[in-house]
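Trainee: File start.csv below, CSV, C-alpha atoms:
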```
chain,number,residue,atom,x,y,z
L,1,MET,CA,11.6,21.4,-18.6
L,2,ASP,CA,11.8,18.4,-16.3
L,3,PRO,CA,8.7,16.3,-15.8
L,4,ILE,CA,8.1,17.4,-12.2
L,5,GLY,CA,8.3,21.1,-13.3
L,6,THR,CA,5.9,20.4,-16.1
L,7,VAL,CA,3.4,18.8,-13.7
L,8,LYS,CA,3.8,21.7,-11.2
L,9,ASP,CA,3.2,24.3,-13.9
L,10,GLY,CA,0.1,22.4,-15.1
L,11,PHE,CA,-1.3,22.2,-11.5
L,12,ASN,CA,-0.6,25.9,-10.9
L,13,GLN,CA,-2.5,26.8,-14.0
L,14,VAL,CA,-5.5,24.7,-12.8
L,15,ALA,CA,-5.4,26.3,-9.4
L,16,LYS,CA,-5.2,29.8,-11.0
L,17,ARG,CA,-8.3,29.1,-13.2
L,18,GLN,CA,-10.1,27.7,-10.2
L,19,LYS,CA,-9.5,30.8,-8.1
L,20,HIS,CA,-10.7,33.0,-11.1
L,21,TYR,CA,-13.8,30.9,-11.4
L,22,HIS,CA,-14.6,31.2,-7.7
L,23,SER,CA,-14.0,35.0,-7.7
L,24,THR,CA,-16.2,35.4,-10.8
L,25,SER,CA,-18.9,33.3,-9.4
L,26,GLN,CA,-18.9,35.2,-6.2
L,27,ALA,CA,-19.0,38.6,-8.0
L,28,VAL,CA,-21.8,37.6,-10.3
L,29,THR,CA,-23.9,36.1,-7.5
L,30,ASP,CA,-23.5,39.2,-5.4
L,31,ARG,CA,-24.6,41.5,-8.2
L,32,ALA,CA,-27.6,39.3,-9.0
L,33,PHE,CA,-28.5,39.2,-5.3
L,34,GLU,CA,-28.3,43.0,-5.1
L,35,ALA,CA,-30.7,43.3,-8.1
L,36,PHE,CA,-33.2,40.9,-6.5
L,37,VAL,CA,-33.0,42.8,-3.1
L,38,ASP,CA,-33.6,46.1,-4.8
L,39,SER,CA,-36.6,44.8,-6.6
L,40,LEU,CA,-38.0,43.2,-3.5
L,41,VAL,CA,-37.6,46.6,-1.6
L,42,GLN,CA,-39.5,48.3,-4.4
L,43,ILE,CA,-42.3,45.7,-4.3
L,44,ILE,CA,-42.6,46.2,-0.5
L,45,MET,CA,-42.8,50.0,-1.1
L,46,LYS,CA,-45.8,49.2,-3.4
L,47,HIS,CA,-44.2,50.3,-6.6
L,48,ASP,CA,-45.8,49.0,-9.8
L,49,LEU,CA,-45.1,45.3,-9.9
L,50,LYS,CA,-44.8,45.1,-13.7
L,51,THR,CA,-42.4,48.0,-13.9
L,52,VAL,CA,-40.2,46.5,-11.1
L,53,LEU,CA,-40.0,43.1,-12.8
L,54,THR,CA,-39.2,44.7,-16.2
L,55,GLU,CA,-36.4,46.6,-14.6
L,56,LEU,CA,-35.1,43.5,-12.9
L,57,LYS,CA,-35.1,41.6,-16.2
L,58,LEU,CA,-33.1,44.4,-17.9
L,59,LYS,CA,-30.6,44.3,-15.0
L,60,LEU,CA,-30.2,40.5,-15.3
L,61,ASP,CA,-30.0,40.7,-19.1
L,62,SER,CA,-27.1,43.2,-18.9
L,63,LEU,CA,-25.4,41.2,-16.2
L,64,SER,CA,-25.7,37.9,-18.1
L,65,PRO,CA,-24.8,35.8,-15.1
L,66,ILE,CA,-25.3,32.5,-16.9
L,67,ASN,CA,-23.0,33.5,-19.7
L,68,GLN,CA,-20.3,34.8,-17.3
L,69,LEU,CA,-20.4,31.7,-15.2
L,70,GLN,CA,-20.3,29.4,-18.3
L,71,GLU,CA,-17.3,31.2,-19.8
L,72,SER,CA,-15.4,31.1,-16.6
L,73,GLN,CA,-16.2,27.5,-16.0
L,74,LYS,CA,-15.2,26.7,-19.6
L,75,GLU,CA,-11.7,28.1,-19.0
L,76,TRP,CA,-11.3,26.1,-15.8
L,77,ASN,CA,-12.5,22.9,-17.5
L,78,THR,CA,-10.1,23.5,-20.4
L,79,SER,CA,-7.1,23.8,-18.0
L,80,LEU,CA,-8.2,20.8,-16.0
L,81,THR,CA,-8.5,18.7,-19.2
L,82,LYS,CA,-5.0,19.7,-20.3
L,83,PHE,CA,-3.7,18.8,-16.9
L,84,GLU,CA,-5.4,15.4,-17.1
L,85,LYS,CA,-3.8,14.8,-20.5
L,86,LEU,CA,-0.5,15.8,-19.2
L,87,LEU,CA,-0.6,13.3,-16.4
L,88,GLY,CA,-1.8,10.6,-18.8
L,89,LYS,CA,1.3,11.0,-21.1
L,90,SER,CA,3.1,7.7,-21.2
L,91,ASP,CA,6.5,9.4,-21.3
L,92,MET,CA,5.9,11.7,-18.3
L,93,PHE,CA,7.9,9.4,-16.0
L,94,PRO,CA,9.2,6.9,-18.6
L,95,ALA,CA,11.4,4.6,-16.7
L,96,SER,CA,11.0,5.6,-13.1
L,97,SER,CA,7.4,4.3,-12.8
L,98,ARG,CA,6.3,0.8,-12.1
L,99,SER,CA,3.2,-1.1,-12.9
L,100,ILE,CA,1.8,-2.5,-9.7
L,101,ASP,CA,-1.5,-4.0,-8.6
L,102,LEU,CA,-3.1,-1.5,-6.2
L,103,ASP,CA,-5.5,-2.6,-3.4
L,104,HIS,CA,-8.1,0.1,-4.3
L,105,GLN,CA,-10.0,-0.5,-1.1
L,106,LEU,CA,-6.9,0.1,1.0
L,107,VAL,CA,-6.1,3.3,-1.0
L,108,ASP,CA,-9.7,4.5,-0.5
L,109,LYS,CA,-9.3,3.9,3.3
L,110,MET,CA,-6.0,5.9,3.3
L,111,LEU,CA,-7.8,8.7,1.5
L,112,VAL,CA,-10.7,8.7,3.9
L,113,GLU,CA,-8.3,8.7,6.9
L,114,TYR,CA,-6.3,11.6,5.3
L,115,LEU,CA,-9.4,13.7,4.7
L,116,TYR,CA,-10.6,13.2,8.3
L,117,ARG,CA,-7.2,14.0,9.7
L,118,HIS,CA,-7.4,17.4,7.9
L,119,GLY,CA,-10.9,18.2,9.1
L,120,LEU,CA,-12.5,17.6,5.7
L,121,PHE,CA,-15.3,15.5,7.2
L,122,GLU,CA,-18.0,16.2,4.6
L,123,VAL,CA,-15.6,15.2,1.8
L,124,GLY,CA,-14.6,12.1,3.7
L,125,ASP,CA,-18.3,11.1,4.2
L,126,ARG,CA,-19.0,11.6,0.5
L,127,LEU,CA,-16.0,9.4,-0.5
L,128,VAL,CA,-17.1,6.6,1.9
L,129,LYS,CA,-20.6,6.8,0.4
L,130,GLU,CA,-19.7,7.1,-3.3
L,131,ALA,CA,-16.7,4.7,-3.3
L,132,GLN,CA,-18.5,2.3,-1.0
L,133,VAL,CA,-15.6,2.2,1.4
L,134,GLU,CA,-15.8,-0.5,4.0
L,135,VAL,CA,-15.6,1.3,7.4
L,136,ASP,CA,-14.0,-1.5,9.5
L,137,ASP,CA,-13.0,-1.2,13.1
L,138,GLN,CA,-9.6,0.2,12.3
L,139,LEU,CA,-10.9,2.9,10.0
L,140,SER,CA,-13.7,3.7,12.4
L,141,GLU,CA,-11.2,4.2,15.3
L,142,ALA,CA,-9.1,6.5,13.0
L,143,ILE,CA,-12.2,8.6,12.2
L,144,GLY,CA,-13.1,8.8,15.9
L,145,ARG,CA,-9.6,10.0,16.7
L,146,SER,CA,-9.7,12.6,14.0
L,147,LEU,CA,-13.1,13.9,15.2
L,148,GLU,CA,-11.8,14.1,18.8
L,149,ILE,CA,-8.5,15.9,18.0
L,150,HIS,CA,-10.3,18.3,15.7
L,151,ARG,CA,-12.7,19.1,18.6
L,152,ILE,CA,-9.7,19.8,20.9
L,153,THR,CA,-7.5,21.8,18.5
L,154,GLU,CA,-10.1,23.8,16.5
L,155,PRO,CA,-10.9,26.2,19.4
L,156,LEU,CA,-7.2,27.1,19.7
L,157,LYS,CA,-7.7,29.1,16.5
L,158,GLN,CA,-9.9,31.4,18.5
L,159,LYS,CA,-7.4,31.3,21.4
L,160,ASP,CA,-9.8,29.1,23.4
L,161,ILE,CA,-7.8,26.6,25.5
L,162,GLU,CA,-10.6,25.0,27.5
L,163,PRO,CA,-11.1,21.8,25.4
L,164,ALA,CA,-7.4,21.3,25.2
L,165,MET,CA,-7.0,21.8,29.0
L,166,GLN,CA,-9.8,19.4,29.6
L,167,TRP,CA,-8.0,16.7,27.5
L,168,ILE,CA,-4.7,17.4,29.3
L,169,SER,CA,-6.4,17.0,32.6
L,170,GLU,CA,-7.9,13.7,31.6
L,171,ASN,CA,-4.5,12.4,30.4
L,172,ARG,CA,-2.2,14.3,32.8
L,173,GLU,CA,-0.4,11.2,34.2
L,174,LYS,CA,0.4,9.8,30.7
L,175,LEU,CA,1.6,13.1,29.5
L,176,LYS,CA,3.8,13.5,32.6
L,177,GLU,CA,5.5,10.2,31.8
L,178,HIS,CA,6.5,11.6,28.4
L,179,GLY,CA,7.8,14.9,29.9
L,180,SER,CA,5.0,16.9,28.2
L,181,LYS,CA,5.0,20.7,28.8
L,182,LEU,CA,1.8,21.3,26.8
L,183,GLU,CA,-0.2,22.5,29.8
L,184,LEU,CA,2.4,25.2,30.7
L,185,GLU,CA,2.6,26.3,27.1
L,186,LEU,CA,-1.1,26.7,26.7
L,187,VAL,CA,-1.4,28.6,30.0
L,188,SER,CA,1.5,30.8,29.0
L,189,LEU,CA,-0.1,31.6,25.6
L,190,LYS,CA,-3.5,32.4,27.1
L,191,TYR,CA,-1.8,34.6,29.7
L,192,LEU,CA,0.1,36.4,26.9
L,193,GLU,CA,-3.0,36.9,24.9
L,194,MET,CA,-4.7,38.7,27.9
L,195,LEU,CA,-1.6,40.9,28.3
L,196,ARG,CA,-1.7,41.8,24.5
L,197,GLN,CA,-5.3,42.9,24.9
L,198,GLY,CA,-4.3,45.0,27.9
L,199,LYS,CA,-6.4,43.0,30.3
L,200,ARG,CA,-3.9,43.2,33.2
L,201,SER,CA,-6.4,42.4,35.9
L,202,ASP,CA,-7.7,39.4,34.1
L,203,ALA,CA,-4.2,38.2,33.4
L,204,LEU,CA,-3.3,38.5,37.1
L,205,ARG,CA,-6.4,36.5,38.1
L,206,PHE,CA,-5.6,33.9,35.5
L,207,ALA,CA,-2.0,33.7,36.7
L,208,ARG,CA,-3.1,33.2,40.3
L,209,ALA,CA,-5.4,30.4,39.3
L,210,HIS,CA,-3.0,28.5,37.0
L,211,PHE,CA,0.6,29.4,37.8
L,212,PRO,CA,1.1,27.9,41.3
L,213,LYS,CA,1.2,24.3,40.0
L,214,PHE,CA,4.2,25.1,37.9
L,215,ALA,CA,6.0,27.2,40.5
L,216,THR,CA,8.4,24.4,41.6
L,217,PRO,CA,9.4,22.7,38.4
L,218,HIS,CA,9.4,25.8,36.2
L,219,SER,CA,10.1,28.6,38.7
L,220,GLU,CA,12.3,30.7,36.4
L,221,LYS,CA,9.8,30.7,33.6
L,222,ILE,CA,6.9,31.6,36.0
L,223,ARG,CA,8.9,34.5,37.4
L,224,ARG,CA,9.5,35.9,33.9
L,225,LEU,CA,5.8,35.5,33.1
L,226,ILE,CA,4.8,37.5,36.1
L,227,VAL,CA,7.4,40.2,35.3
L,228,ALA,CA,5.7,40.5,31.9
L,229,LEU,CA,2.9,42.3,33.7
L,230,LEU,CA,5.1,45.3,34.0
L,231,TRP,CA,5.7,45.3,30.3
L,232,VAL,CA,2.0,45.2,29.3
L,233,SER,CA,2.2,48.6,27.5
L,234,ASN,CA,5.4,47.5,25.6
L,235,LEU,CA,5.1,43.7,25.5
L,236,GLU,CA,6.7,43.3,22.1
L,237,ASN,CA,10.0,44.5,23.5
L,238,TYR,CA,9.9,42.4,26.6
L,239,PRO,CA,13.5,40.9,26.8
L,240,HIS,CA,12.2,37.3,27.5
L,241,GLY,CA,9.2,37.4,25.2
L,242,GLU,CA,10.6,35.2,22.5
L,243,GLU,CA,11.9,32.7,25.0
L,244,LEU,CA,8.7,32.4,26.9
L,245,PHE,CA,6.3,32.1,24.0
L,246,SER,CA,8.6,30.3,21.5
L,247,LEU,CA,5.9,27.9,20.1
L,248,GLY,CA,2.9,30.1,19.4
L,249,TRP,CA,-0.6,29.0,18.8
L,250,ASP,CA,-0.1,27.1,15.6
L,251,LYS,CA,3.0,25.2,16.7
L,252,THR,CA,1.3,24.4,20.1
L,253,SER,CA,-1.7,23.0,18.2
L,254,LYS,CA,0.6,20.8,16.1
L,255,GLU,CA,2.5,19.7,19.2
L,256,LEU,CA,-0.8,18.8,20.9
L,257,THR,CA,-1.8,16.8,17.9
L,258,LYS,CA,1.5,15.0,17.9
L,259,GLN,CA,1.3,14.1,21.5
L,260,TYR,CA,-2.4,13.1,21.2
L,261,TYR,CA,-1.6,10.5,18.5
L,262,HIS,CA,1.5,9.5,20.4
L,263,LEU,CA,-0.6,8.5,23.4
L,264,HIS,CA,-2.8,6.4,21.1
L,265,ASP,CA,0.4,4.7,19.6
L,266,GLN,CA,-0.4,6.2,16.2
L,267,PRO,CA,1.8,8.3,13.8
L,268,SER,CA,1.2,12.0,14.2
L,269,SER,CA,1.0,12.5,10.4
L,270,SER,CA,-1.3,10.8,7.9
L,271,PRO,CA,0.3,7.7,6.3
L,272,LEU,CA,-0.8,9.0,2.9
L,273,ALA,CA,0.7,12.5,3.5
L,274,VAL,CA,4.0,10.9,4.6
L,275,LEU,CA,4.0,8.6,1.6
L,276,LEU,CA,3.4,11.4,-0.9
L,277,SER,CA,5.8,13.8,0.8
L,278,ALA,CA,8.6,11.2,0.8
L,279,GLY,CA,7.9,10.3,-2.8
L,280,VAL,CA,8.0,13.9,-4.0
L,281,GLN,CA,11.3,14.4,-2.2
L,282,SER,CA,12.8,11.2,-3.6
L,283,LEU,CA,11.5,11.5,-7.2
L,284,PRO,CA,14.0,14.0,-8.6
L,285,ARG,CA,16.9,11.8,-7.5
L,286,ILE,CA,15.2,8.6,-8.8
L,287,LEU,CA,14.7,10.3,-12.2
L,288,LYS,CA,18.3,11.3,-12.3
L,289,LEU,CA,19.4,7.8,-11.4
L,290,VAL,CA,17.4,6.2,-14.2
L,291,ARG,CA,18.7,8.8,-16.7
L,292,VAL,CA,22.4,8.4,-15.6
L,293,MET,CA,22.3,4.6,-15.5
L,294,GLY,CA,20.4,4.4,-18.8
L,295,LEU,CA,18.0,1.8,-17.4
L,296,GLU,CA,15.3,0.3,-19.5
L,297,LYS,CA,11.8,0.0,-18.0
L,298,GLU,CA,12.2,-3.8,-17.7
L,299,GLU,CA,15.5,-3.4,-15.9
L,300,TRP,CA,14.1,-0.8,-13.5
L,301,GLU,CA,11.1,-3.0,-12.6
L,302,GLU,CA,13.3,-6.0,-11.9
L,303,MET,CA,15.5,-4.0,-9.5
L,304,LYS,CA,14.9,-5.0,-5.9
L,305,GLN,CA,17.1,-2.4,-4.2
L,306,LEU,CA,18.3,1.0,-5.3
L,307,PRO,CA,22.1,1.2,-5.9
L,308,VAL,CA,22.3,4.5,-4.1
L,309,ASP,CA,20.8,5.8,-0.8
L,310,LEU,CA,17.9,8.3,-1.0
L,311,GLU,CA,18.6,10.9,1.7
L,312,LEU,CA,15.3,11.9,3.3
L,313,ARG,CA,14.7,14.5,6.0
L,314,ASP,CA,14.6,13.4,9.6
L,315,GLU,CA,10.8,13.4,9.7
L,316,PHE,CA,10.9,10.5,7.3
L,317,ARG,CA,13.1,8.3,9.5
L,318,PHE,CA,10.9,5.9,11.4
L,319,HIS,CA,13.1,2.9,12.2
L,320,SER,CA,16.1,2.6,14.4
L,321,VAL,CA,19.4,1.6,12.9
L,322,PHE,CA,21.6,-0.9,14.7
L,323,VAL,CA,25.4,-1.1,14.1
L,324,CYS,CA,27.1,-4.1,15.6
L,325,PRO,CA,29.6,-3.0,18.2
L,326,VAL,CA,32.0,-5.9,17.2
L,327,SER,CA,31.8,-6.1,13.4
L,328,ARG,CA,30.9,-2.4,12.9
L,329,GLU,CA,28.4,-3.5,10.3
L,330,GLN,CA,24.9,-2.1,10.0
L,331,SER,CA,22.1,-4.7,10.5
L,332,ASP,CA,19.6,-5.6,7.8
L,333,GLU,CA,17.0,-8.3,7.2
L,334,TYR,CA,19.8,-10.9,6.5
L,335,ASN,CA,21.9,-9.8,9.5
L,336,PRO,CA,19.5,-8.7,12.2
L,337,PRO,CA,20.4,-7.6,15.7
L,338,MET,CA,20.4,-10.5,18.3
L,339,MET,CA,20.0,-10.0,22.0
L,340,LEU,CA,22.0,-12.2,24.3
L,341,PRO,CA,20.6,-13.5,27.6
L,342,CYS,CA,22.8,-10.9,29.4
L,343,ARG,CA,20.9,-8.2,27.4
L,344,HIS,CA,23.9,-7.1,25.2
L,345,VAL,CA,23.1,-6.9,21.5
L,346,LEU,CA,25.3,-8.2,18.6
L,347,CYS,CA,24.4,-8.8,15.0
L,348,LYS,CA,23.5,-12.3,13.8
L,349,GLN,CA,26.7,-12.9,11.8
L,350,THR,CA,28.9,-11.9,14.8
L,351,VAL,CA,27.0,-14.3,17.0
L,352,SER,CA,27.5,-17.1,14.5
L,353,ARG,CA,31.3,-16.4,14.2
L,354,LEU,CA,31.7,-16.4,18.0
L,355,SER,CA,29.7,-19.6,18.3
L,356,GLN,CA,31.6,-21.4,15.6
L,357,SER,CA,35.0,-20.4,17.1
L,358,CYS,CA,34.2,-22.4,20.3
L,359,SER,CA,34.2,-26.2,20.2
L,360,THR,CA,31.4,-26.3,22.8
L,361,ARG,CA,29.3,-23.8,20.8
L,362,ARG,CA,29.1,-21.8,24.0
L,363,PHE,CA,30.8,-18.4,23.7
L,364,LYS,CA,31.6,-15.5,26.1
L,365,CYS,CA,29.8,-12.2,25.6
L,366,PRO,CA,32.4,-9.6,24.4
L,367,TYR,CA,31.1,-7.1,27.0
L,368,CYS,CA,30.6,-9.1,30.2
L,369,THR,CA,31.5,-12.5,31.7
L,370,ALA,CA,28.3,-14.3,30.7
L,371,HIS,CA,28.4,-17.4,28.5
L,372,THR,CA,25.7,-18.4,26.1
L,373,THR,CA,24.8,-20.2,22.8
L,374,ALA,CA,23.5,-19.0,19.5
L,375,ALA,CA,20.2,-20.7,20.2
L,376,ALA,CA,19.7,-18.8,23.4
L,377,CYS,CA,19.9,-15.4,21.5
L,378,ARG,CA,16.7,-13.6,20.5
L,379,GLN,CA,16.2,-11.6,17.3
L,380,LEU,CA,15.3,-7.9,17.8
L,381,TYR,CA,12.9,-6.2,15.3
L,382,LEU,CA,13.6,-2.5,14.6
```
When written as structure tokens, how does the structure in this file appear?

Mentor:
Amino acid sequence: MDPIGTVKDGFNQVAKRQKHYHSTSQAVTDRAFEAFVDSLVQIIMKHDLKTVLTELKLKLDSLSPINQLQESQKEWNTSLTKFEKLLGKSDMFPASSRSIDLDHQLVDKMLVEYLYRHGLFEVGDRLVKEAQVEVDDQLSEAIGRSLEIHRITEPLKQKDIEPAMQWISENREKLKEHGSKLELELVSLKYLEMLRQGKRSDALRFARAHFPKFATPHSEKIRRLIVALLWVSNLENYPHGEELFSLGWDKTSKELTKQYYHLHDQPSSSPLAVLLSAGVQSLPRILKLVRVMGLEKEEWEEMKQLPVDLELRDEFRFHSVFVCPVSREQSDEYNPPMMLPCRHVLCKQTVSRLSQSCSTRRFKCPYCTAHTTAAACRQLYL
């Protein structure tokens, strides 16, 4: 089995044992609680105290809660120990791994930011305390954003749009500049939820209060939303239902999160999550590359650039790519894009060639009548 498959199986085994331990703990706790409640009721009913306690002891002895919990936890610990040993094997990823010096404080901050992004606030607080993570201004702002977006999106799970609508109201102009349709989508979803519950009168009042502002820019959609009132008893078969409510609550929540971070000039996904996801997607091809090329560990560590491209999904493409319109070459750090004073853009090597071909070092832009020099061009950073 390949290394990734081995690790995946090991992790699945740990997860399985953890679920078993949790279910066993819950069952044992419930039975013990029931025994205590029964005994308490008998004591309240003035039954003989000694007899009640004796029966309680017999119930607990037969239940053996401590033994059951210890046995289940032992199985879980055993699978966890095996998984740790599996990850610690030196030949798990023999030549595809590199020895690097990690900035542990930076890694801890990334973990804290990840935990807060996913609403695991107590775990994040515990990590900050136990790992003595320095909460600087940057991390403090990230935590603040996570708390705010969680306050806005968490109510959407209960179909409550008020906090989200309040945030949209406060940022309406900025969202409008980006062509956001979040407000209309939230209003549509709330309206649909009322129709699904058969609350036609409430839905009509809600429509009268919220739909008029969308009447001009989204007249067709508003008409179809209103017509949905006639389908309240058979809403699932409404011809335009899928079109009108394409996002749904979960997707709308994710879109709101994305636009929230966009307004704050921040990535919508945690840097750590992106890093791990891209790494997992790339790892199989890297392992195959190392195996096919027969690279030794030393050769792999000295390699500055991979000899093949790693095709990642679109969500992992963060930087623009510039291809020079003259040379048809893609720019890189040695041949960056250069903007001429006339605002046309060429790659640096093309600018150099055009400049050197003229005795005066002034050259004409290939796309307009402007003349310039290489020194007057500005480098663009993608």

Trainee: Pick out the residues sitting within 8 Å of segment 47-64 of chain L, and hand them over as a ChimeraX atom specification; count all atoms listed in the file, and ignore anything fewer than 6 positions along from it in its own chain.

Mentor: /L:28,32,35-36,39

Trainee: For segment 346-352 of chain L, list every protein, DNA or RNA residue within 8 Å, evaluated using all atoms listed in the file, and leave out those in the same chain fewer than 6 positions away; present the list as a PyMOL selection string.

Mentor: chain L and resi 323-327+331+335-340+374

Trainee: Those same residues, written as a PDB file, in the frame of the given file with C-alpha atoms?

Mentor:
```pdb
ATOM      1  CA  VAL L 323      25.400  -1.100  14.100  1.00  0.00           C
ATOM      2  CA  CYS L 324      27.100  -4.100  15.600  1.00  0.00           C
ATOM      3  CA  PRO L 325      29.600  -3.000  18.200  1.00  0.00           C
ATOM      4  CA  VAL L 326      32.000  -5.900  17.200  1.00  0.00           C
ATOM      5  CA  SER L 327      31.800  -6.100  13.400  1.00  0.00           C
ATOM      6  CA  SER L 331      22.100  -4.700  10.500  1.00  0.00           C
ATOM      7  CA  ASN L 335      21.900  -9.800   9.500  1.00  0.00           C
ATOM      8  CA  PRO L 336      19.500  -8.700  12.200  1.00  0.00           C
ATOM      9  CA  PRO L 337      20.400  -7.600  15.700  1.00  0.00           C
ATOM     10  CA  MET L 338      20.400 -10.500  18.300  1.00  0.00           C
ATOM     11  CA  MET L 339      20.000 -10.000  22.000  1.00  0.00           C
ATOM     12  CA  LEU L 340      22.000 -12.200  24.300  1.00  0.00           C
ATOM     13  CA  ALA L 374      23.500 -19.000  19.500  1.00  0.00           C
TER      14      ALA L 374
END
```

Trainee: Kindly give the distance, in Å, that separates atom CA of Gly10 of chain L and atom CA of Phe83 of chain L, rounded to a single decimal.

Mentor: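 We find that atom CA of Gly10 of chain L and atom CA of Phe83 of chain L lie 5.5 Å from each other.
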
Trainee: Determine, using all atoms listed in the file, which residues of segment 215-332 of chain L have any atom at most 10 Å from an atom of segment 107-128 of chain L, and tabulate each with its shortest atom pair and distance in Å to one decimal place, rows ordered by chain and then rising number, as a tab-separated table.

Mentor:
```
residue	atom	partner	partner_atom	distance
L:Ser268	CA	L:Arg117	CA	9.7
L:Ser269	CA	L:Arg117	CA	8.4
L:Ser270	CA	L:Tyr114	CA	5.7
L:Pro271	CA	L:Met110	CA	7.2
L:Leu272	CA	L:Met110	CA	6.1
L:Ala273	CA	L:Tyr114	CA	7.3
```

Trainee: Can you find the residues with an atom no farther than 9 Å from (-6.1, 8.5, 18.2), counting only C-alpha atoms, and report them as a PyMOL selection string?

Mentor: chain L and resi 141-146+148-149+260-266

Trainee: Could you check how far atom CA of Pro65 of chain L sits from atom CA of Thr24 of chain L, in Å to one decimal?

Mentor: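 We find that atom CA of Pro65 of chain L and atom CA of Thr24 of chain L lie 9.6 Å from each other.
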
Trainee: If I take atom CA of Leu156 of chain L and atom CA of Ala209 of chain L, how far is one from the other in Å, to one decimal?

Mentor: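 Distance reported for this atom pair: 20.0 Å.
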
Trainee: Within 7 Å of segment 73-77 of chain L, counting all atoms listed in the file, which residues show up once you throw out same-chain ones fewer than 6 positions away? Write them as a VMD selection string, please.

Mentor: chain L and resid 14 17 to 18 21

Trainee: Could those residues be written to a file, using C-alpha atoms, as a short mmCIF file (atom, residue, chain, number, x, y, z; two decimals), in the frame of the given file?

Mentor:
```cif
data_model
loop_
_atom_site.label_atom_id
_atom_site.label_comp_id
_atom_site.auth_asym_id
_atom_site.auth_seq_id
_atom_site.Cartn_x
_atom_site.Cartn_y
_atom_site.Cartn_z
CA VAL L 14 -5.50 24.70 -12.80
CA ARG L 17 -8.30 29.10 -13.20
CA GLN L 18 -10.10 27.70 -10.20
CA TYR L 21 -13.80 30.90 -11.40
#
```

Trainee: Would you mind telling me which residue in L:Leu80, L:Val308, L:Leu276, L:Ile161 lies nearest to Met293 of chain L when using only C-alpha atoms?

Mentor: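 Of the candidates, the smallest distance to Met293 of chain L is held by L:Val308.
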
Trainee: Go through L:Val345, L:His178, L:Phe316, L:Asn234 one by one, measure the shortest atom-to-atom distance of each to Ala278 of chain L using only C-alpha atoms, and give the residue with the smallest value.

Mentor: L:Phe316

Trainee: Taking only C-alpha atoms into account, which of L:Gln259, L:Met303, L:Leu310, L:Lys46 comes nearest Pro284 of chain L?

Mentor: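 Between L:Gln259, L:Met303, L:Leu310, L:Lys46, the residue approaching Pro284 of chain L most closely is L:Leu310.
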
Trainee: Select all residues near (13.3, 4.5, -6.8) (cut-off 10 Å, inclusive, file coordinates), counting only C-alpha atoms, and output them as a PDB file with C-alpha atoms, in the frame of the given file.

Mentor:
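Output file result03.pdb follows:
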```
ATOM      1  CA  SER L  96      11.000   5.600 -13.100  1.00  0.00           C
ATOM      2  CA  SER L  97       7.400   4.300 -12.800  1.00  0.00           C
ATOM      3  CA  ARG L  98       6.300   0.800 -12.100  1.00  0.00           C
ATOM      4  CA  GLY L 279       7.900  10.300  -2.800  1.00  0.00           C
ATOM      5  CA  SER L 282      12.800  11.200  -3.600  1.00  0.00           C
ATOM      6  CA  LEU L 283      11.500  11.500  -7.200  1.00  0.00           C
ATOM      7  CA  PRO L 284      14.000  14.000  -8.600  1.00  0.00           C
ATOM      8  CA  ARG L 285      16.900  11.800  -7.500  1.00  0.00           C
ATOM      9  CA  ILE L 286      15.200   8.600  -8.800  1.00  0.00           C
ATOM     10  CA  LEU L 287      14.700  10.300 -12.200  1.00  0.00           C
ATOM     11  CA  LEU L 289      19.400   7.800 -11.400  1.00  0.00           C
ATOM     12  CA  VAL L 290      17.400   6.200 -14.200  1.00  0.00           C
ATOM     13  CA  TRP L 300      14.100  -0.800 -13.500  1.00  0.00           C
ATOM     14  CA  GLU L 301      11.100  -3.000 -12.600  1.00  0.00           C
ATOM     15  CA  MET L 303      15.500  -4.000  -9.500  1.00  0.00           C
ATOM     16  CA  LYS L 304      14.900  -5.000  -5.900  1.00  0.00           C
ATOM     17  CA  GLN L 305      17.100  -2.400  -4.200  1.00  0.00           C
ATOM     18  CA  LEU L 306      18.300   1.000  -5.300  1.00  0.00           C
ATOM     19  CA  PRO L 307      22.100   1.200  -5.900  1.00  0.00           C
ATOM     20  CA  VAL L 308      22.300   4.500  -4.100  1.00  0.00           C
ATOM     21  CA  ASP L 309      20.800   5.800  -0.800  1.00  0.00           C
ATOM     22  CA  LEU L 310      17.900   8.300  -1.000  1.00  0.00           C
TER      23      LEU L 310
END
```

Trainee: Near Pro366 of chain L, counting all atoms listed in the file, which residues have an atom at most 9 Å away, once you skip same-chain residues fewer than 3 positions from it, shown as a CSV table (one decimal) with C-alpha atoms, in the coordinates of the input?

Mentor:
```
chain,number,residue,atom,x,y,z
L,326,VAL,CA,32.0,-5.9,17.2
L,344,HIS,CA,23.9,-7.1,25.2
L,363,PHE,CA,30.8,-18.4,23.7
L,369,THR,CA,31.5,-12.5,31.7
L,370,ALA,CA,28.3,-14.3,30.7
```

Trainee: Extract segment 62-66 of chain L from the preceding block and save N, CA and C atoms as a compact mmCIF listing (two decimals), in the first residue's frame.

Mentor:
```
# COMPACT_ATOMS: atom_id res chain seq x y z
N SER L 62 -22.40 -4.58 39.09
CA SER L 62 -22.74 -5.34 37.87
C SER L 62 -22.45 -4.54 36.62
N LEU L 63 -22.61 -3.23 36.74
CA LEU L 63 -22.34 -2.36 35.60
C LEU L 63 -20.84 -2.22 35.34
N SER L 64 -20.04 -2.19 36.41
CA SER L 64 -18.57 -2.02 36.31
C SER L 64 -18.20 -0.86 35.39
N PRO L 65 -18.67 0.33 35.67
CA PRO L 65 -18.42 1.46 34.77
C PRO L 65 -16.94 1.76 34.58
N ILE L 66 -16.18 1.67 35.68
CA ILE L 66 -14.74 1.99 35.58
C ILE L 66 -14.04 1.00 34.66
```
